[in-house]
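Asks: Contents of upload.pdb (PDB, C-alpha atoms):
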ATOM      1  CA  MET M   1       1.722 -10.138 -17.753
ATOM      2  CA  SER M   2       4.628 -10.668 -15.360
ATOM      3  CA  ILE M   3       5.343  -8.170 -12.582
ATOM      4  CA  ALA M   4       8.782  -7.413 -14.053
ATOM      5  CA  ARG M   5       7.307  -6.595 -17.450
ATOM      6  CA  ALA M   6       4.528  -4.474 -15.926
ATOM      7  CA  GLU M   7       7.100  -2.439 -13.970
ATOM      8  CA  ARG M   8       9.230  -2.037 -17.111
ATOM      9  CA  LEU M   9       6.233  -0.729 -19.055
ATOM     10  CA  VAL M  10       5.437   1.740 -16.275
ATOM     11  CA  ASN M  11       9.049   2.924 -16.341
ATOM     12  CA  LEU M  12       8.895   3.270 -20.131
ATOM     13  CA  VAL M  13       5.701   5.331 -19.996
ATOM     14  CA  LEU M  14       7.157   7.574 -17.288
ATOM     15  CA  CYS M  15      10.275   8.063 -19.348
ATOM     16  CA  LEU M  16       8.542   8.919 -22.626
ATOM     17  CA  LEU M  17       5.892  11.049 -20.941
ATOM     18  CA  SER M  18       8.345  13.097 -18.882
ATOM     19  CA  THR M  19      10.696  14.138 -21.675
ATOM     20  CA  ARG M  20      10.289  16.818 -24.307
ATOM     21  CA  GLN M  21      12.882  15.130 -26.530
ATOM     22  CA  TYR M  22      12.626  12.150 -28.837
ATOM     23  CA  LEU M  23      14.605   9.304 -27.278
ATOM     24  CA  THR M  24      16.189   6.649 -29.462
ATOM     25  CA  ALA M  25      15.852   2.962 -28.611
ATOM     26  CA  ASP M  26      19.525   2.761 -27.625
ATOM     27  CA  ARG M  27      19.139   5.651 -25.211
ATOM     28  CA  ILE M  28      15.950   4.218 -23.758
ATOM     29  CA  ARG M  29      17.857   0.994 -23.087
ATOM     30  CA  THR M  30      20.366   2.831 -20.894
ATOM     31  CA  ILE M  31      17.785   4.958 -19.072
ATOM     32  CA  VAL M  32      14.703   2.843 -18.435
ATOM     33  CA  PRO M  33      14.963   0.333 -15.545
ATOM     34  CA  GLY M  34      13.907  -3.164 -16.482
ATOM     35  CA  TYR M  35      15.842  -3.823 -19.673
ATOM     36  CA  PRO M  36      18.584  -6.426 -18.986
ATOM     37  CA  GLU M  37      22.033  -4.874 -19.224
ATOM     38  CA  ASP M  38      23.616  -8.155 -20.338
ATOM     39  CA  ALA M  39      21.157  -8.786 -23.196
ATOM     40  CA  ASN M  40      22.553  -8.520 -26.730
ATOM     41  CA  ALA M  41      21.236  -5.906 -29.145
ATOM     42  CA  GLU M  42      18.964  -8.324 -30.984
ATOM     43  CA  ALA M  43      17.298  -9.525 -27.767
ATOM     44  CA  PHE M  44      16.795  -5.942 -26.575
ATOM     45  CA  TYR M  45      15.187  -4.817 -29.830
ATOM     46  CA  ARG M  46      12.781  -7.765 -29.777
ATOM     47  CA  MET M  47      11.809  -6.866 -26.204
ATOM     48  CA  PHE M  48      11.455  -3.192 -27.079
ATOM     49  CA  GLU M  49       9.252  -3.933 -30.106
ATOM     50  CA  ARG M  50       6.969  -6.052 -27.914
ATOM     51  CA  ASP M  51       6.772  -3.249 -25.344
ATOM     52  CA  LYS M  52       5.868  -0.687 -28.017
ATOM     53  CA  ALA M  53       3.158  -2.964 -29.345
ATOM     54  CA  GLU M  54       1.820  -3.476 -25.818
ATOM     55  CA  LEU M  55       1.626   0.262 -25.185
ATOM     56  CA  ARG M  56      -0.180   0.861 -28.477
ATOM     57  CA  ASP M  57      -2.645  -1.949 -27.644
ATOM     58  CA  LEU M  58      -3.312  -0.177 -24.338
ATOM     59  CA  GLY M  59      -4.146   2.991 -26.249
ATOM     60  CA  ILE M  60      -1.008   4.907 -25.274
ATOM     61  CA  PRO M  61      -0.001   7.151 -28.211
ATOM     62  CA  LEU M  62       3.682   6.878 -29.182
ATOM     63  CA  GLU M  63       5.145   9.643 -31.291
ATOM     64  CA  THR M  64       8.187   9.036 -33.490
ATOM     65  CA  GLY M  65      10.504  11.723 -34.784
ATOM     66  CA  ARG M  66      13.923  13.347 -34.647
ATOM     67  CA  ASN M  67      15.066  16.216 -32.476
ATOM     68  CA  ASN M  68      16.996  17.679 -35.415
ATOM     69  CA  SER M  69      18.044  16.755 -38.941
ATOM     70  CA  PHE M  70      21.420  15.433 -37.739
ATOM     71  CA  ASP M  71      19.967  12.647 -35.577
ATOM     72  CA  PRO M  72      20.941   9.295 -37.131
ATOM     73  CA  ALA M  73      17.853   7.432 -35.913
ATOM     74  CA  GLU M  74      14.265   8.131 -35.030
ATOM     75  CA  GLY M  75      13.254   8.477 -31.388
ATOM     76  CA  TYR M  76      10.102   8.096 -29.328
ATOM     77  CA  ARG M  77       8.055  10.118 -26.884
ATOM     78  CA  ILE M  78       4.475  10.368 -25.600
ATOM     79  CA  ALA M  79       2.643  13.608 -26.273
ATOM     80  CA  ARG M  80       0.930  14.709 -23.101
ATOM     81  CA  ARG M  81      -1.870  16.356 -25.061
ATOM     82  CA  ASP M  82      -2.795  12.966 -26.538
ATOM     83  CA  TYR M  83      -2.166  10.957 -23.385
ATOM     84  CA  GLU M  84      -4.145  12.924 -20.845
ATOM     85  CA  LEU M  85      -7.901  12.546 -20.538
ATOM     86  CA  GLY M  86     -10.196  15.470 -21.022
ATOM     87  CA  ASP M  87     -12.732  16.583 -18.453
ATOM     88  CA  ILE M  88     -15.071  13.790 -17.383
ATOM     89  CA  ASP M  89     -18.506  14.441 -15.938
ATOM     90  CA  LEU M  90     -19.629  11.806 -13.453
ATOM     91  CA  GLU M  91     -22.906  11.341 -11.660
ATOM     92  CA  PRO M  92     -22.630  11.420  -7.839
ATOM     93  CA  ASP M  93     -22.876   7.635  -7.503
ATOM     94  CA  GLU M  94     -20.285   7.139 -10.266
ATOM     95  CA  ALA M  95     -17.888   9.594  -8.609
ATOM     96  CA  ALA M  96     -18.301   7.774  -5.285
ATOM     97  CA  ALA M  97     -17.474   4.430  -6.908
ATOM     98  CA  VAL M  98     -14.360   5.868  -8.559
ATOM     99  CA  ALA M  99     -13.258   7.472  -5.283
ATOM    100  CA  LEU M 100     -13.616   4.170  -3.450
ATOM    101  CA  ALA M 101     -11.577   2.359  -6.113
ATOM    102  CA  VAL M 102      -8.825   4.973  -5.849
ATOM    103  CA  ARG M 103      -8.712   4.573  -2.053
ATOM    104  CA  LEU M 104      -8.081   0.869  -2.471
ATOM    105  CA  TRP M 105      -5.072   1.394  -4.749
ATOM    106  CA  ASP M 106      -1.669   1.761  -3.165
ATOM    107  CA  SER M 107       1.655   0.921  -4.758
ATOM    108  CA  PRO M 108       4.717   2.468  -3.109
ATOM    109  CA  GLU M 109       6.811   0.137  -5.282
ATOM    110  CA  LEU M 110       5.578   1.887  -8.431
ATOM    111  CA  THR M 111       6.160   5.261  -6.802
ATOM    112  CA  GLY M 112       9.764   4.257  -6.114
ATOM    113  CA  ALA M 113      10.175   3.074  -9.696
ATOM    114  CA  ALA M 114       8.839   6.418 -10.920
ATOM    115  CA  GLU M 115      11.381   8.352  -8.871
ATOM    116  CA  VAL M 116      14.235   6.147 -10.113
ATOM    117  CA  ALA M 117      13.123   6.579 -13.715
ATOM    118  CA  LEU M 118      12.991  10.371 -13.447
ATOM    119  CA  LEU M 119      16.370  10.525 -11.704
ATOM    120  CA  LYS M 120      17.911   8.456 -14.494
ATOM    121  CA  LEU M 121      16.401  10.772 -17.087
ATOM    122  CA  ARG M 122      17.911  13.834 -15.464
ATOM    123  CA  ALA M 123      21.265  12.112 -14.927
ATOM    124  CA  ALA M 124      21.354  11.199 -18.611
ATOM    125  CA  GLY M 125      20.841  14.817 -19.608
ATOM    126  CA  VAL M 126      17.257  14.384 -20.769
ATOM    127  CA  ASP M 127      15.107  17.504 -20.572
ATOM    128  CA  VAL M 128      12.435  16.457 -18.069
ATOM    129  CA  ASP M 129       9.216  18.419 -17.862
ATOM    130  CA  GLN M 130       9.383  19.825 -14.321
ATOM    131  CA  ALA M 131       5.734  20.913 -14.414
ATOM    132  CA  ALA M 132       4.464  17.460 -15.244
ATOM    133  CA  PRO M 133       2.194  16.111 -12.508
ATOM    134  CA  ALA M 134       3.001  12.792 -10.915
ATOM    135  CA  VAL M 135       1.756   9.874 -12.992
ATOM    136  CA  VAL M 136       1.654   7.440 -10.072
ATOM    137  CA  GLU M 137      -0.153   8.774  -7.015
ATOM    138  CA  PRO M 138      -0.849   6.270  -4.234
ATOM    139  CA  ARG M 139      -3.775   7.388  -2.109
ATOM    140  CA  VAL M 140      -4.140   5.052   0.835
ATOM    141  CA  ARG M 141      -1.633   2.789   2.499
ATOM    142  CA  THR M 142      -2.336  -0.066   4.829
ATOM    143  CA  SER M 143       0.220  -1.976   6.838
ATOM    144  CA  GLU M 144      -2.256  -4.672   7.896
ATOM    145  CA  PRO M 145      -0.644  -8.054   7.033
ATOM    146  CA  ALA M 146      -4.005  -9.686   6.287
ATOM    147  CA  PHE M 147      -5.256  -7.004   3.877
ATOM    148  CA  ALA M 148      -4.081  -8.517   0.580
ATOM    149  CA  THR M 149      -5.266 -12.027   1.466
ATOM    150  CA  LEU M 150      -8.709 -10.839   2.567
ATOM    151  CA  LEU M 151      -9.215  -8.657  -0.499
ATOM    152  CA  ALA M 152      -8.210 -11.539  -2.777
ATOM    153  CA  ALA M 153     -10.585 -13.856  -0.906
ATOM    154  CA  VAL M 154     -13.465 -11.431  -1.475
ATOM    155  CA  GLN M 155     -12.666 -11.235  -5.187
ATOM    156  CA  THR M 156     -12.395 -15.009  -5.622
ATOM    157  CA  GLY M 157     -15.201 -15.993  -3.260
ATOM    158  CA  ARG M 158     -13.107 -18.102  -0.882
ATOM    159  CA  VAL M 159     -13.498 -18.726   2.849
ATOM    160  CA  VAL M 160     -10.826 -17.259   5.132
ATOM    161  CA  THR M 161      -9.559 -18.172   8.574
ATOM    162  CA  PHE M 162      -7.529 -16.011  10.953
ATOM    163  CA  ASP M 163      -6.683 -15.423  14.606
ATOM    164  CA  TYR M 164      -8.650 -12.477  15.986
ATOM    165  CA  ARG M 165      -7.920 -10.542  19.146
ATOM    166  CA  LYS M 166     -10.892  -9.255  21.138
ATOM    167  CA  PRO M 167     -10.253  -6.180  23.316
ATOM    168  CA  VAL M 168     -12.713  -7.167  26.049
ATOM    169  CA  PRO M 169     -11.978  -9.694  27.350
ATOM    170  CA  ALA M 170      -8.435  -9.696  25.988
ATOM    171  CA  GLU M 171      -8.168 -12.995  24.151
ATOM    172  CA  VAL M 172      -7.279 -14.412  20.754
ATOM    173  CA  ARG M 173      -9.551 -16.855  18.938
ATOM    174  CA  THR M 174      -9.488 -18.447  15.510
ATOM    175  CA  ARG M 175     -12.353 -17.330  13.263
ATOM    176  CA  THR M 176     -13.646 -18.814  10.015
ATOM    177  CA  VAL M 177     -15.431 -16.277   7.824
ATOM    178  CA  GLU M 178     -17.196 -16.117   4.471
ATOM    179  CA  PRO M 179     -15.975 -12.673   3.357
ATOM    180  CA  TRP M 180     -18.334 -10.219   1.679
ATOM    181  CA  GLY M 181     -16.091  -7.169   1.423
ATOM    182  CA  VAL M 182     -13.256  -5.058   2.852
ATOM    183  CA  VAL M 183     -14.236  -1.516   3.849
ATOM    184  CA  SER M 184     -12.348   1.561   5.044
ATOM    185  CA  TRP M 185     -14.035   3.680   7.724
ATOM    186  CA  ARG M 186     -12.495   6.470   9.818
ATOM    187  CA  GLY M 187      -8.940   5.460   9.023
ATOM    188  CA  ARG M 188      -9.488   1.778   9.842
ATOM    189  CA  TRP M 189      -9.996  -1.273   7.625
ATOM    190  CA  TYR M 190     -12.761  -3.790   8.304
ATOM    191  CA  LEU M 191     -13.785  -7.182   6.953
ATOM    192  CA  VAL M 192     -17.518  -7.828   6.690
ATOM    193  CA  GLY M 193     -18.795 -11.361   6.260
ATOM    194  CA  HIS M 194     -20.592 -14.376   7.663
ATOM    195  CA  ASP M 195     -18.892 -15.782  10.766
ATOM    196  CA  ARG M 196     -19.299 -19.557  10.567
ATOM    197  CA  ASP M 197     -18.415 -19.978  14.244
ATOM    198  CA  ARG M 198     -21.212 -17.660  15.379
ATOM    199  CA  ARG M 199     -23.516 -18.392  12.440
ATOM    200  CA  ALA M 200     -24.185 -14.705  11.894
ATOM    201  CA  ALA M 201     -22.945 -11.674   9.993
ATOM    202  CA  ARG M 202     -20.000 -10.034  11.709
ATOM    203  CA  CYS M 203     -17.514  -7.185  11.231
ATOM    204  CA  PHE M 204     -13.789  -7.588  11.979
ATOM    205  CA  ARG M 205     -11.257  -4.811  12.396
ATOM    206  CA  LEU M 206      -8.114  -5.739  10.434
ATOM    207  CA  SER M 207      -5.805  -4.240  13.071
ATOM    208  CA  ARG M 208      -7.057  -6.903  15.504
ATOM    209  CA  ILE M 209      -6.165  -9.802  13.210
ATOM    210  CA  VAL M 210      -3.071 -11.519  14.571
ATOM    211  CA  GLY M 211      -0.604 -12.500  11.852
ATOM    212  CA  ASP M 212      -1.699 -13.465   8.343
ATOM    213  CA  ALA M 213      -5.104 -14.650   7.193
ATOM    214  CA  LYS M 214      -5.390 -17.901   5.205
ATOM    215  CA  THR M 215      -7.821 -18.975   2.514
ATOM    216  CA  VAL M 216      -9.462 -22.400   2.770
ATOM    217  CA  GLY M 217     -11.516 -24.424   0.337
ATOM    218  CA  ARG M 218     -12.167 -23.742  -3.309
ATOM    219  CA  ALA M 219     -12.983 -20.478  -5.062
ATOM    220  CA  GLY M 220     -16.498 -19.354  -5.888
ATOM    221  CA  VAL M 221     -18.254 -20.734  -2.792
ATOM    222  CA  VAL M 222     -18.825 -17.343  -1.134
ATOM    223  CA  GLU M 223     -21.160 -14.688  -2.449
ATOM    224  CA  ALA M 224     -22.289 -11.539  -0.656
ATOM    225  CA  PRO M 225     -26.053 -11.317  -0.040
ATOM    226  CA  ALA M 226     -27.925  -9.189  -2.553
ATOM    227  CA  GLY M 227     -28.447  -5.615  -1.381
ATOM    228  CA  VAL M 228     -26.104  -5.767   1.625
ATOM    229  CA  ASP M 229     -24.694  -2.325   2.515
ATOM    230  CA  LEU M 230     -21.164  -2.981   3.789
ATOM    231  CA  MET M 231     -20.508   0.607   4.832
ATOM    232  CA  SER M 232     -23.694   0.832   6.891
ATOM    233  CA  PHE M 233     -22.776  -2.467   8.520
ATOM    234  CA  VAL M 234     -19.358  -1.116   9.497
ATOM    235  CA  LYS M 235     -20.787   2.158  10.783
ATOM    236  CA  GLY M 236     -23.107   0.216  13.038
ATOM    237  CA  PHE M 237     -20.214  -1.866  14.323
ATOM    238  CA  ASP M 238     -17.867   1.051  14.994
ATOM    239  CA  ASP M 239     -18.999   2.093  18.462
ATOM    240  CA  ASP M 240     -15.858   4.104  19.226
ATOM    241  CA  PRO M 241     -17.046   7.253  21.062
ATOM    242  CA  GLY M 242     -13.987   9.133  19.871
ATOM    243  CA  GLN M 243     -12.429   9.443  23.326
ATOM    244  CA  CYS M 244      -8.659   9.322  23.693
ATOM    245  CA  THR M 245      -6.844   6.464  25.379
ATOM    246  CA  LEU M 246      -3.990   7.317  27.736
ATOM    247  CA  ALA M 247      -0.959   5.131  27.037
ATOM    248  CA  ARG M 248       2.058   4.810  29.330
ATOM    249  CA  LEU M 249       5.421   3.941  27.789
ATOM    250  CA  TRP M 250       9.067   3.502  28.700
ATOM    251  CA  VAL M 251      11.453   5.199  26.238
ATOM    252  CA  ALA M 252      15.247   4.913  26.270
ATOM    253  CA  LYS M 253      17.136   8.122  26.963
ATOM    254  CA  GLY M 254      17.647  10.268  23.867
ATOM    255  CA  GLN M 255      15.649   7.911  21.614
ATOM    256  CA  ALA M 256      12.281   8.008  19.765
ATOM    257  CA  GLN M 257      12.174  11.771  19.315
ATOM    258  CA  GLY M 258       9.109  11.555  17.099
ATOM    259  CA  LEU M 259       7.192   9.905  19.916
ATOM    260  CA  ARG M 260       8.571  12.262  22.554
ATOM    261  CA  ARG M 261       7.245  15.292  20.669
ATOM    262  CA  ARG M 262       3.692  14.038  21.159
ATOM    263  CA  ALA M 263       4.063  12.791  24.736
ATOM    264  CA  ARG M 264       4.931  14.156  28.158
ATOM    265  CA  ILE M 265       7.590  12.852  30.549
ATOM    266  CA  VAL M 266       6.150  11.775  33.902
ATOM    267  CA  GLY M 267       9.086   9.944  35.456
ATOM    268  CA  GLU M 268      12.165   7.797  34.996
ATOM    269  CA  ASP M 269      12.789   4.044  35.142
ATOM    270  CA  VAL M 270      15.370   1.366  34.297
ATOM    271  CA  VAL M 271      14.501  -1.525  31.956
ATOM    272  CA  ASP M 272      17.024  -4.316  31.358
ATOM    273  CA  GLY M 273      19.736  -2.107  32.815
ATOM    274  CA  ILE M 274      18.944   0.795  30.446
ATOM    275  CA  VAL M 275      17.896   4.162  31.861
ATOM    276  CA  GLY M 276      14.821   5.636  30.242
ATOM    277  CA  ASP M 277      11.914   8.018  30.681
ATOM    278  CA  LEU M 278       8.322   7.194  31.517
ATOM    279  CA  LEU M 279       6.028   8.889  29.009
ATOM    280  CA  GLU M 280       2.288   9.394  28.776
ATOM    281  CA  ILE M 281       0.603   9.971  25.435
ATOM    282  CA  GLU M 282      -3.046  10.336  24.437
ATOM    283  CA  LEU M 283      -4.037   8.190  21.462
ATOM    284  CA  THR M 284      -7.309   8.567  19.598
ATOM    285  CA  LEU M 285      -6.778   5.274  17.737
ATOM    286  CA  PRO M 286      -4.453   3.226  19.972
ATOM    287  CA  GLU M 287      -4.535   0.118  17.782
ATOM    288  CA  SER M 288      -3.659   2.120  14.684
ATOM    289  CA  ALA M 289      -0.710   3.568  16.615
ATOM    290  CA  ALA M 290       0.676   0.081  17.337
ATOM    291  CA  GLY M 291       2.581  -0.084  14.055
ATOM    292  CA  TRP M 292       4.022   3.382  14.607
ATOM    293  CA  ILE M 293       5.181   2.546  18.130
ATOM    294  CA  ALA M 294       6.587  -0.832  17.047
ATOM    295  CA  GLY M 295       8.722   1.014  14.507
ATOM    296  CA  PHE M 296      10.885   2.345  17.349
ATOM    297  CA  GLY M 297      11.906  -1.227  18.213
ATOM    298  CA  ALA M 298      13.637  -1.917  21.517
ATOM    299  CA  ASP M 299      13.868   1.791  22.353
ATOM    300  CA  VAL M 300      10.201   1.829  23.374
ATOM    301  CA  GLU M 301       8.193  -0.491  25.628
ATOM    302  CA  VAL M 302       4.459  -0.126  26.157
ATOM    303  CA  LEU M 303       3.495  -0.460  29.826
ATOM    304  CA  GLU M 304      -0.249   0.094  29.473
ATOM    305  CA  PRO M 305      -2.927  -0.378  28.262
ATOM    306  CA  GLU M 306      -2.493  -4.131  27.920
ATOM    307  CA  VAL M 307      -4.277  -4.274  24.535
ATOM    308  CA  LEU M 308      -1.777  -1.835  23.017
ATOM    309  CA  ARG M 309       1.126  -3.652  24.667
ATOM    310  CA  LYS M 310       0.057  -6.962  23.111
ATOM    311  CA  SER M 311      -0.564  -5.377  19.710
ATOM    312  CA  VAL M 312       2.919  -3.830  19.601
ATOM    313  CA  TYR M 313       4.480  -7.091  20.786
ATOM    314  CA  GLU M 314       2.700  -9.058  18.059
ATOM    315  CA  ARG M 315       3.888  -6.631  15.375
ATOM    316  CA  LEU M 316       7.468  -6.930  16.598
ATOM    317  CA  LEU M 317       7.207 -10.724  16.506
ATOM    318  CA  GLY M 318       5.803 -10.515  12.976
ATOM    319  CA  ALA M 319       8.647  -8.279  11.826
ATOM    320  CA  LEU M 320      11.196 -10.661  13.395
ATOM    321  CA  ALA M 321       9.577 -13.666  11.686
ATOM    322  CA  ALA M 322       9.581 -11.849   8.338
ATOM    323  CA  ALA M 323      13.268 -10.980   8.752
ATOM    324  CA  ASP M 324      14.111 -14.586   9.611
ATOM    325  CA  GLY M 325      12.199 -15.771   6.543
ATOM    326  CA  LYS M 326      14.153 -13.457   4.223
ATOM    327  CA  ALA M 327      17.438 -14.505   5.799
ATOM    328  CA  SER M 328      16.711 -18.186   5.214
TER     329      SER M 328
END
Could you render the structure from this file as structure tokens?
Replies:
Amino acid sequence: MSIARAERLVNLVLCLLSTRQYLTADRIRTIVPGYPEDANAEAFYRMFERDKAELRDLGIPLETGRNNSFDPAEGYRIARRDYELGDIDLEPDEAAAVALAVRLWDSPELTGAAEVALLKLRAAGVDVDQAAPAVVEPRVRTSEPAFATLLAAVQTGRVVTFDYRKPVPAEVRTRTVEPWGVVSWRGRWYLVGHDRDRRAARCFRLSRIVGDAKTVGRAGVVEAPAGVDLMSFVKGFDDDPGQCTLARLWVAKGQAQGLRRRARIVGEDVVDGIVGDLLEIELTLPESAAGWIAGFGADVEVLEPEVLRKSVYERLLGALAAADGKAS
């Protein structure tokens, strides 16, 4: 199924699940994002019939009916009582597996599509159920550029290579890894696998991967050892004592208010002819804060520690490269 069709089906489900009314096909065409506006009636109806069949195949119950006896055509909706699952009893290990799967799922794009669909419903005068809970609920977000590639490599059993930055000594080296799994622990993401360069099992923090990871070789060549406990491996690797790191930054006058609220001003300095304040801020997870700090752009410059300075600089370079790629 194409991404465009999957998004259209999500929009259609949101639309039919969020309304108390029966919506005719013509009205659905004007409300639901994803149906081409320039398509003729025949093409739309063929597409709509395929979408209805797809939803029924997925087990989503479509109701047909009329809002009153004067309606010229039948409409559609999804009855929440038939759509929602009843109570499910899970064993502790089953609940843990489901929770882990939920933590891996994140789709802000679908969340945005949901909001657009509901706004269109209200704008079109459709009676939207205000008490209806959100259908799309992303749980965990990760901004690590290598995340998607590494997760796909684990699923397909392919070797990956990436540039990895060590904090002590501060250096970047290329690593070739047979990935066993991607694990979240204490707000950080880790890759566990066999490091071919060191010929041993290793754990890599995704925030220390510089740029994108790349897959090499064919699929199916990597398989995790039987009985390996990825989470225990990561816990043993994570030797962070939980102490805060003091970071020193230069911030342009009147800028980066969100950062200023968490920091204290300790002086004043001029950078590239621009007057700014010297700030100190305590960071529990300095590498995780790199993306947040980089979001302030040229208004903020990290002075120390050097590891955080390099991490922010690399993220800014990555954002610039991505912008250049879209422009071209």
Asks: Ranking M:Gly75, M:Val222, M:Ser69, M:Leu279 by minimum distance to M:Leu246 and counting all atoms listed in the file, which one comes first?
Replies: M:Leu279
Asks: Find the residue from M:Val159, M:Gly59, M:Ala213, M:Gly193 that sits nearest to M:Pro145; use all atoms listed in the file when measuring.
Replies: M:Ala213
Asks: Interatomic distance between atom CA of M:Leu150 and atom CA of M:Arg199?
Replies: 19.3 Å
Asks: Please enumerate the residues selected by the PyMOL selection byres ((chain M and resi 203-205) around 8) when evaluated against the supplied file, formatted as an mmCIF file with C-alpha atoms, keeping the file's coordinate frame.
Replies:
data_model
loop_
_atom_site.group_PDB
_atom_site.id
_atom_site.type_symbol
_atom_site.label_atom_id
_atom_site.label_comp_id
_atom_site.auth_asym_id
_atom_site.auth_seq_id
_atom_site.Cartn_x
_atom_site.Cartn_y
_atom_site.Cartn_z
ATOM 1 C CA ARG M 188 -9.488 1.778 9.842
ATOM 2 C CA TRP M 189 -9.996 -1.273 7.625
ATOM 3 C CA TYR M 190 -12.761 -3.790 8.304
ATOM 4 C CA LEU M 191 -13.785 -7.182 6.953
ATOM 5 C CA VAL M 192 -17.518 -7.828 6.690
ATOM 6 C CA GLY M 193 -18.795 -11.361 6.260
ATOM 7 C CA ALA M 201 -22.945 -11.674 9.993
ATOM 8 C CA ARG M 202 -20.000 -10.034 11.709
ATOM 9 C CA LEU M 206 -8.114 -5.739 10.434
ATOM 10 C CA SER M 207 -5.805 -4.240 13.071
ATOM 11 C CA ARG M 208 -7.057 -6.903 15.504
ATOM 12 C CA ILE M 209 -6.165 -9.802 13.210
ATOM 13 C CA PHE M 233 -22.776 -2.467 8.520
ATOM 14 C CA VAL M 234 -19.358 -1.116 9.497
ATOM 15 C CA PHE M 237 -20.214 -1.866 14.323
#
Asks: For M:Ala294, which residue among M:Met47, M:Val182, M:Val13, M:Ala319 is the nearest when counting all atoms listed in the file?
Replies: M:Ala319
Asks: Please, what distance in Å, to one decimal, runs between atom CA of M:Val177 and atom CA of M:Val307?
Replies: 23.4 Å
Asks: Would you pick out the contacts of M:Leu283 at 8 Å or less, using all atoms listed in the file, so that residues sharing its chain but fewer than 6 positions from it are not included, and give the list as a VMD selection string?
Replies: chain M and resid 244 to 247 289
